[in-house]
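Engineer: The structure follows.
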Amino acid sequence: MQRWPRHVGLNALFLEPGRSAGVETYLRGLAPALANEFPATRFTVVTTRRGSAALKDDGWAEFCTVVGLPCDGGQPVRRLAVEQVRLPVLARLKRWDVLHSLASLAPVRTVTPAVITVHDVALFHVRTVKSVATAGTRMLIQTAGRHADAVIAITQTARDDVAAALDIPANRIHVVHNGAGHRRRLTPAPEDEVRARYELKPGRRVVLCVAAMRPRENQELLVRALRMLDDDVLLVLCGHPERYADQLEEVAEELGVASRLRIAGYVAEAELEALWRIAGCAAFPALAEGFGLTILEAMQRGVPVACSDIPALRELGGLVPRYFDPHDVAAAARTLQAALTEPHDVAAAAAQAERFTWEESARGTFAAYERALATTSKQ
């Protein structure tokens, strides 16, 4: 008889509230949907100390158990020890049927059936931190992925990349799309206050890019394209400002467009909601992407989208966005100009975004749990 997951542990030891970007959105969209779709299953979220406090403040204790372990963002060595040693022990003691690690890193070995979501494998192609740390992280992801009872990828494109990077058969990987943004729509902050904060005078057109400021997100292309756009166009970059942000400011100064660039950094959700309403178009120039959640968020809100012509974004956007070569500044400028000025099919955009729901994501994820239980010989 097929086993059924009665108690699932969700590994969210990556959580640094407000700074975890897409993986935090994944957690906040998926976990409530799982609890709602499968009320007979217990869910326990294991996270950091600050993560535990934030989730409890947000009412998560109403639908799951939240456990905080002794680590936080900015403590990679401690997180590693907690994830590799304490988490598997906790899973065994609590007799979880499945341990689902939500953000690529996971215990290398566990007696509990393991499911891992690998969002992308950019780390295998681009060195983003010190070389020794990069190599170590790659090894952990590969080893944990090879030993997992089920692996989840968030697009067909990501599945093929994950299979190649982890050297595992593609038929071991479940493709489970994310939902479109947050499950609940926030009330936006007052528009006049947001305009004042970021110096967005009425009458100025805004190109909005929501992504962590990293070279793979390719915001430099937008800065270079800005000088080819009309003088009334402003570029607003929202996302955790890593060292790449300094490079963007330097390029803007060299090109004489610094006065039209706004590096907003991390933006609170209510302010971001207001910025979506102000935006004339949304731009996503990523060189590589596992999913591209912000494209769906823009389409949900009726904001025209201009984005990189790469497979994952084509998979999500379909015929709705305007696409450009992420290596071609002139092509990006032409596409942005079209997005700002030409008619946009809001209904088609909303319909495309509605294809991606957290409820459907929860059902696909739960199927991966069932497969892990059906194929494992650990218990």
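Chain identifiers are assigned as A, B, and so on, following the order in which chains appear in the structure tokens; residues are numbered from 1 within each chain, and ligands are numbered from 1 in order of appearance.
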For A:Leu336, work out the shell of residues within 9 Å, counting only C-alpha atoms and skipping chain neighbours fewer than 3 positions away, then give it as a count of residues only.
Structural biologist: 16
Engineer: Go through stretch 34-253 of chain A and collect every residue that DSSP, computed from the backbone, puts in strand (DSSP E); the answer should be as a PyMOL selection string.
Structural biologist: chain A and resi 42-47+65-68+98-101+114-117+150-153+173-175+205-210+233-238
Engineer: Keeping only N, CA, C and O atoms, write the selected residues to a file as a short mmCIF file (atom, residue, chain, number, x, y, z; two decimals), in the first residue's frame.
Structural biologist:
```
data_model
loop_
_atom_site.label_atom_id
_atom_site.label_comp_id
_atom_site.auth_asym_id
_atom_site.auth_seq_id
_atom_site.Cartn_x
_atom_site.Cartn_y
_atom_site.Cartn_z
N ARG A 42 0.64 17.28 8.78
CA ARG A 42 1.27 18.28 9.64
C ARG A 42 2.52 18.81 8.94
O ARG A 42 3.26 18.06 8.32
N PHE A 43 2.74 20.11 9.07
CA PHE A 43 3.92 20.73 8.49
C PHE A 43 4.70 21.45 9.59
O PHE A 43 4.12 22.20 10.37
N THR A 44 6.01 21.24 9.61
CA THR A 44 6.90 21.93 10.54
C THR A 44 7.94 22.68 9.74
O THR A 44 8.65 22.08 8.91
N VAL A 45 8.01 23.98 9.93
CA VAL A 45 9.01 24.82 9.25
C VAL A 45 10.19 25.02 10.19
O VAL A 45 10.02 25.52 11.31
N VAL A 46 11.37 24.61 9.76
CA VAL A 46 12.59 24.78 10.54
C VAL A 46 13.40 25.91 9.92
O VAL A 46 13.74 25.86 8.74
N THR A 47 13.70 26.91 10.72
CA THR A 47 14.33 28.10 10.15
C THR A 47 15.32 28.70 11.15
O THR A 47 15.66 28.09 12.16
N THR A 65 3.81 24.28 12.52
CA THR A 65 4.73 24.44 13.64
C THR A 65 5.99 25.14 13.13
O THR A 65 6.51 24.78 12.07
N VAL A 66 6.45 26.14 13.85
CA VAL A 66 7.65 26.88 13.47
C VAL A 66 8.73 26.62 14.52
O VAL A 66 8.51 26.85 15.71
N VAL A 67 9.89 26.14 14.06
CA VAL A 67 11.01 25.83 14.94
C VAL A 67 12.20 26.67 14.53
O VAL A 67 12.60 26.66 13.36
N GLY A 68 12.78 27.42 15.47
CA GLY A 68 13.97 28.21 15.20
C GLY A 68 15.21 27.50 15.74
O GLY A 68 15.24 27.14 16.92
N VAL A 98 8.85 13.08 5.54
CA VAL A 98 9.63 13.70 4.47
C VAL A 98 10.31 14.94 5.02
O VAL A 98 9.71 15.68 5.82
N LEU A 99 11.54 15.18 4.59
CA LEU A 99 12.24 16.44 4.86
C LEU A 99 12.44 17.13 3.51
O LEU A 99 13.14 16.61 2.63
N HIS A 100 11.80 18.29 3.35
CA HIS A 100 11.89 19.04 2.09
C HIS A 100 12.76 20.27 2.30
O HIS A 100 12.39 21.19 3.03
N SER A 101 13.91 20.30 1.65
CA SER A 101 14.80 21.46 1.70
C SER A 101 14.43 22.38 0.55
O SER A 101 14.46 21.98 -0.62
N ALA A 114 14.15 12.35 1.61
CA ALA A 114 14.53 13.74 1.34
C ALA A 114 14.04 14.20 -0.02
O ALA A 114 14.16 13.50 -1.02
N VAL A 115 13.52 15.43 -0.03
CA VAL A 115 13.13 16.13 -1.26
C VAL A 115 13.88 17.46 -1.25
O VAL A 115 13.96 18.13 -0.22
N ILE A 116 14.42 17.85 -2.40
CA ILE A 116 15.18 19.10 -2.50
C ILE A 116 14.67 19.90 -3.69
O ILE A 116 14.52 19.36 -4.78
N THR A 117 14.41 21.18 -3.46
CA THR A 117 14.13 22.10 -4.58
C THR A 117 15.43 22.82 -4.95
O THR A 117 16.03 23.50 -4.10
N ALA A 150 13.76 12.66 -4.12
CA ALA A 150 13.10 13.40 -5.20
C ALA A 150 13.72 14.79 -5.27
O ALA A 150 14.06 15.38 -4.24
N VAL A 151 13.88 15.29 -6.47
CA VAL A 151 14.39 16.64 -6.71
C VAL A 151 13.32 17.42 -7.45
O VAL A 151 12.68 16.89 -8.37
N ILE A 152 13.12 18.67 -7.05
CA ILE A 152 12.15 19.55 -7.70
C ILE A 152 12.90 20.65 -8.43
O ILE A 152 13.80 21.28 -7.86
N ALA A 153 12.54 20.88 -9.69
CA ALA A 153 13.00 22.04 -10.45
C ALA A 153 11.79 22.90 -10.77
O ALA A 153 10.67 22.40 -10.88
N ILE A 173 13.66 14.20 -11.75
CA ILE A 173 13.39 15.57 -11.34
C ILE A 173 11.94 15.93 -11.68
O ILE A 173 11.49 15.78 -12.81
N HIS A 174 11.22 16.41 -10.67
CA HIS A 174 9.85 16.88 -10.86
C HIS A 174 9.88 18.36 -11.25
O HIS A 174 10.54 19.16 -10.59
N VAL A 175 9.17 18.72 -12.29
CA VAL A 175 9.01 20.13 -12.65
C VAL A 175 7.74 20.64 -11.97
O VAL A 175 6.64 20.19 -12.25
N ARG A 205 8.51 59.01 -16.58
CA ARG A 205 8.18 57.61 -16.81
C ARG A 205 9.21 56.72 -16.13
O ARG A 205 10.42 57.02 -16.18
N VAL A 206 8.74 55.64 -15.53
CA VAL A 206 9.60 54.79 -14.69
C VAL A 206 9.74 53.40 -15.29
O VAL A 206 8.74 52.73 -15.61
N VAL A 207 10.99 52.99 -15.48
CA VAL A 207 11.32 51.60 -15.79
C VAL A 207 11.74 50.96 -14.47
O VAL A 207 12.68 51.40 -13.82
N LEU A 208 11.02 49.92 -14.06
CA LEU A 208 11.24 49.28 -12.77
C LEU A 208 11.87 47.91 -12.96
O LEU A 208 11.36 47.08 -13.72
N CYS A 209 12.97 47.67 -12.24
CA CYS A 209 13.62 46.35 -12.24
C CYS A 209 13.69 45.86 -10.81
O CYS A 209 14.26 46.53 -9.94
N VAL A 210 13.11 44.70 -10.55
CA VAL A 210 13.09 44.12 -9.21
C VAL A 210 13.92 42.84 -9.24
O VAL A 210 13.50 41.81 -9.77
N VAL A 233 12.66 59.51 -18.84
CA VAL A 233 12.60 58.13 -18.35
C VAL A 233 13.60 57.95 -17.21
O VAL A 233 14.78 58.30 -17.32
N LEU A 234 13.11 57.41 -16.10
CA LEU A 234 13.93 57.09 -14.94
C LEU A 234 14.03 55.57 -14.79
O LEU A 234 13.08 54.85 -15.11
N LEU A 235 15.16 55.10 -14.29
CA LEU A 235 15.36 53.68 -14.02
C LEU A 235 15.42 53.47 -12.52
O LEU A 235 16.26 54.07 -11.84
N VAL A 236 14.54 52.63 -11.99
CA VAL A 236 14.50 52.32 -10.56
C VAL A 236 14.88 50.86 -10.37
O VAL A 236 14.23 49.96 -10.91
N LEU A 237 15.94 50.63 -9.60
CA LEU A 237 16.42 49.28 -9.32
C LEU A 237 16.10 48.92 -7.87
O LEU A 237 16.59 49.58 -6.94
N CYS A 238 15.29 47.91 -7.68
CA CYS A 238 14.93 47.44 -6.33
C CYS A 238 15.52 46.06 -6.12
O CYS A 238 15.42 45.19 -6.98
#
```
Engineer: Find the spatial neighbours of stretch 221-224 of chain A, counting only C-alpha atoms, within a cut-off of 9 Å - ignore same-chain residues fewer than 4 positions away - and output them as a list in words.
Structural biologist: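 Counting only the stated atoms, we get Cys209, Met228, Leu235, Leu248, Glu249, Val251, Ala252, Leu255, Val257, Ala258, Leu261, Ala283, Phe284, Pro285, Pro326, His327, Asp328, Val329, Ala330, Ala332 and Ala333 of chain A.
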Engineer: Write out the residues from the selection above, keeping all heavy atoms, as a compact mmCIF listing (two decimals), in the first residue's frame.
Structural biologist:
```txt
# COMPACT_ATOMS: atom_id res chain seq x y z
N CYS A 209 12.97 47.67 -12.24
CA CYS A 209 13.62 46.35 -12.24
C CYS A 209 13.69 45.86 -10.81
O CYS A 209 14.26 46.53 -9.94
CB CYS A 209 15.01 46.44 -12.85
SG CYS A 209 15.92 44.87 -12.81
N MET A 228 19.89 55.92 -24.14
CA MET A 228 19.24 55.85 -25.45
C MET A 228 17.74 56.10 -25.36
O MET A 228 17.06 56.14 -26.39
CB MET A 228 19.48 54.48 -26.08
CG MET A 228 20.94 54.14 -26.28
SD MET A 228 21.16 52.51 -27.03
CE MET A 228 22.95 52.35 -26.97
N LEU A 235 15.16 55.10 -14.29
CA LEU A 235 15.36 53.68 -14.02
C LEU A 235 15.42 53.47 -12.52
O LEU A 235 16.26 54.07 -11.84
CB LEU A 235 16.65 53.19 -14.68
CG LEU A 235 17.09 51.76 -14.35
CD1 LEU A 235 16.05 50.75 -14.81
CD2 LEU A 235 18.46 51.46 -15.00
N LEU A 248 27.29 49.78 -10.90
CA LEU A 248 26.19 50.40 -11.66
C LEU A 248 26.23 51.92 -11.53
O LEU A 248 26.01 52.64 -12.51
CB LEU A 248 24.86 49.85 -11.16
CG LEU A 248 24.63 48.35 -11.31
CD1 LEU A 248 23.29 47.95 -10.72
CD2 LEU A 248 24.71 47.94 -12.78
N GLU A 249 26.51 52.40 -10.32
CA GLU A 249 26.60 53.85 -10.13
C GLU A 249 27.75 54.44 -10.92
O GLU A 249 27.63 55.53 -11.49
CB GLU A 249 26.75 54.15 -8.64
CG GLU A 249 25.49 53.85 -7.83
CD GLU A 249 25.65 54.18 -6.36
OE1 GLU A 249 26.78 54.04 -5.85
OE2 GLU A 249 24.65 54.59 -5.73
N VAL A 251 29.05 53.30 -13.74
CA VAL A 251 28.68 53.30 -15.16
C VAL A 251 27.72 54.46 -15.45
O VAL A 251 27.85 55.16 -16.46
CB VAL A 251 28.06 51.95 -15.56
CG1 VAL A 251 27.47 52.03 -16.98
CG2 VAL A 251 29.08 50.83 -15.47
N ALA A 252 26.76 54.66 -14.55
CA ALA A 252 25.80 55.75 -14.74
C ALA A 252 26.50 57.10 -14.77
O ALA A 252 26.16 57.99 -15.58
CB ALA A 252 24.74 55.71 -13.64
N LEU A 255 28.32 57.58 -18.11
CA LEU A 255 27.42 57.79 -19.24
C LEU A 255 26.58 59.06 -19.11
O LEU A 255 25.84 59.40 -20.03
CB LEU A 255 26.49 56.58 -19.40
CG LEU A 255 27.17 55.24 -19.70
CD1 LEU A 255 26.13 54.13 -19.74
CD2 LEU A 255 27.92 55.31 -21.03
N VAL A 257 24.09 59.58 -16.92
CA VAL A 257 22.68 59.31 -16.63
C VAL A 257 22.45 59.08 -15.12
O VAL A 257 21.40 58.58 -14.72
CB VAL A 257 22.16 58.08 -17.42
CG1 VAL A 257 22.16 58.36 -18.91
CG2 VAL A 257 22.97 56.82 -17.10
N ALA A 258 23.42 59.46 -14.32
CA ALA A 258 23.30 59.21 -12.87
C ALA A 258 22.06 59.88 -12.27
O ALA A 258 21.45 59.35 -11.35
CB ALA A 258 24.56 59.69 -12.15
N LEU A 261 19.00 57.61 -12.53
CA LEU A 261 19.09 56.27 -11.93
C LEU A 261 18.74 56.34 -10.45
O LEU A 261 19.24 57.19 -9.73
CB LEU A 261 20.51 55.71 -12.09
CG LEU A 261 20.81 54.39 -11.37
CD1 LEU A 261 19.97 53.26 -11.94
CD2 LEU A 261 22.31 54.07 -11.46
N ALA A 283 11.36 45.80 -16.30
CA ALA A 283 12.47 45.30 -17.11
C ALA A 283 13.22 44.22 -16.34
O ALA A 283 13.52 44.38 -15.16
CB ALA A 283 13.41 46.44 -17.47
N PHE A 284 13.54 43.13 -17.06
CA PHE A 284 14.27 42.01 -16.44
C PHE A 284 15.31 41.52 -17.43
O PHE A 284 15.01 40.74 -18.33
CB PHE A 284 13.29 40.89 -16.07
CG PHE A 284 12.15 41.37 -15.20
CD1 PHE A 284 10.91 41.61 -15.75
CD2 PHE A 284 12.35 41.64 -13.86
CE1 PHE A 284 9.86 42.09 -14.97
CE2 PHE A 284 11.32 42.12 -13.08
CZ PHE A 284 10.08 42.34 -13.63
N PRO A 285 16.56 41.99 -17.27
CA PRO A 285 17.60 41.71 -18.26
C PRO A 285 18.51 40.53 -17.89
O PRO A 285 19.64 40.45 -18.37
CB PRO A 285 18.40 43.01 -18.25
CG PRO A 285 18.33 43.46 -16.81
CD PRO A 285 16.98 43.03 -16.30
N PRO A 326 19.88 39.83 -24.09
CA PRO A 326 20.44 40.46 -22.89
C PRO A 326 21.88 40.93 -23.04
O PRO A 326 22.44 41.48 -22.10
CB PRO A 326 20.34 39.34 -21.84
CG PRO A 326 20.35 38.07 -22.63
CD PRO A 326 19.63 38.39 -23.91
N HIS A 327 22.46 40.74 -24.22
CA HIS A 327 23.82 41.23 -24.48
C HIS A 327 23.81 42.44 -25.41
O HIS A 327 24.88 42.98 -25.72
CB HIS A 327 24.67 40.12 -25.11
CG HIS A 327 24.77 38.88 -24.28
ND1 HIS A 327 25.60 38.78 -23.18
CD2 HIS A 327 24.10 37.70 -24.36
CE1 HIS A 327 25.46 37.58 -22.64
NE2 HIS A 327 24.56 36.91 -23.33
N ASP A 328 22.64 42.89 -25.83
CA ASP A 328 22.53 43.93 -26.86
C ASP A 328 21.87 45.17 -26.25
O ASP A 328 20.65 45.21 -26.06
CB ASP A 328 21.71 43.39 -28.03
CG ASP A 328 21.70 44.33 -29.24
OD1 ASP A 328 21.84 45.55 -29.05
OD2 ASP A 328 21.51 43.83 -30.36
N VAL A 329 22.66 46.20 -25.97
CA VAL A 329 22.15 47.41 -25.33
C VAL A 329 21.11 48.11 -26.21
O VAL A 329 20.05 48.53 -25.75
CB VAL A 329 23.30 48.38 -24.99
CG1 VAL A 329 22.75 49.69 -24.44
CG2 VAL A 329 24.26 47.75 -23.99
N ALA A 330 21.41 48.24 -27.50
CA ALA A 330 20.50 48.94 -28.41
C ALA A 330 19.17 48.19 -28.51
O ALA A 330 18.09 48.82 -28.53
CB ALA A 330 21.14 49.08 -29.78
N ALA A 332 17.85 46.29 -26.21
CA ALA A 332 17.14 46.51 -24.94
C ALA A 332 16.47 47.87 -24.92
O ALA A 332 15.33 48.01 -24.50
CB ALA A 332 18.12 46.37 -23.77
N ALA A 333 17.18 48.89 -25.40
CA ALA A 333 16.60 50.25 -25.42
C ALA A 333 15.38 50.31 -26.32
O ALA A 333 14.35 50.91 -25.95
CB ALA A 333 17.67 51.25 -25.89
```
Engineer: Using only C-alpha atoms, determine which residues lie at most 12 Å from A:Glu193, disregarding the query and same-chain residues fewer than 4 positions distant; provide the list as a ChimeraX atom specification.
Structural biologist: /A:188-189,197-201,270-271,274-275,278
Engineer: What is the distance, in Å and to one decimal place, between atom CA of A:Ser259 and atom CA of A:Ala298?
Structural biologist: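 We find that atom CA of A:Ser259 and atom CA of A:Ala298 lie 25.2 Å from each other.
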Engineer: With only C-alpha atoms as the basis for distance, which of A:Val89, A:Leu140, A:Ala135, A:Val82 is at the shortest distance from A:Ser104?
Structural biologist: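 That would be A:Leu140, the residue with the smallest distance to A:Ser104.
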Engineer: Which residue is closest to A:Leu373? Choose from A:Asp57, A:Asp167, A:Glu250, A:Asp149 and count only C-alpha atoms.
Structural biologist: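 Of A:Asp57, A:Asp167, A:Glu250, A:Asp149, the one nearest A:Leu373 is A:Asp149, counting only C-alpha atoms.
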Engineer: Could you give me, as a PyMOL selection string, the residues within 10 Å of A:Asn36, counting only C-alpha atoms and dropping anything in the same chain fewer than 4 positions from it?
Structural biologist: chain A and resi 30-32+40-41+63+359+362
Engineer: Generate a file of the selected residues that holds C-alpha atoms, formatted as a JSON list (two decimals), in the first residue's frame.
Structural biologist:
```
[["chain", "number", "residue", "atom", "x", "y", "z"],
["A", 30, "LEU", "CA", 4.27, 27.38, -0.91],
["A", 31, "ALA", "CA", 4.01, 26.58, 2.81],
["A", 32, "PRO", "CA", 0.56, 28.14, 3.41],
["A", 40, "ALA", "CA", -4.52, 16.10, 7.15],
["A", 41, "THR", "CA", -0.73, 16.51, 6.94],
["A", 63, "PHE", "CA", -1.30, 26.52, 10.20],
["A", 359, "GLU", "CA", -2.28, 25.81, -5.07],
["A", 362, "ALA", "CA", 1.47, 22.70, -3.60]]
```
Engineer: Based on the backbone DSSP call, show me all residues of stretch 111-208 of chain A assigned helix (DSSP H, G or I), as an MDAnalysis selection string.
Structural biologist: chainID A and resid 122:124 131:147 156:166 170:172 191:197
Engineer: Can you pull out the residues contacting A:Val23? Cut-off 12 Å, using only C-alpha atoms, and skip same-chain residues under 2 positions away; I want them as a PyMOL selection string.
Structural biologist: chain A and resi 11-21+25-31+101-105+117-120+154+178+181-182+212+290-293
Engineer: May I ask for the distance between atom CA of A:Leu123 and atom CA of A:Pro311, given in Å to one decimal place?
Structural biologist: 18.1 Å
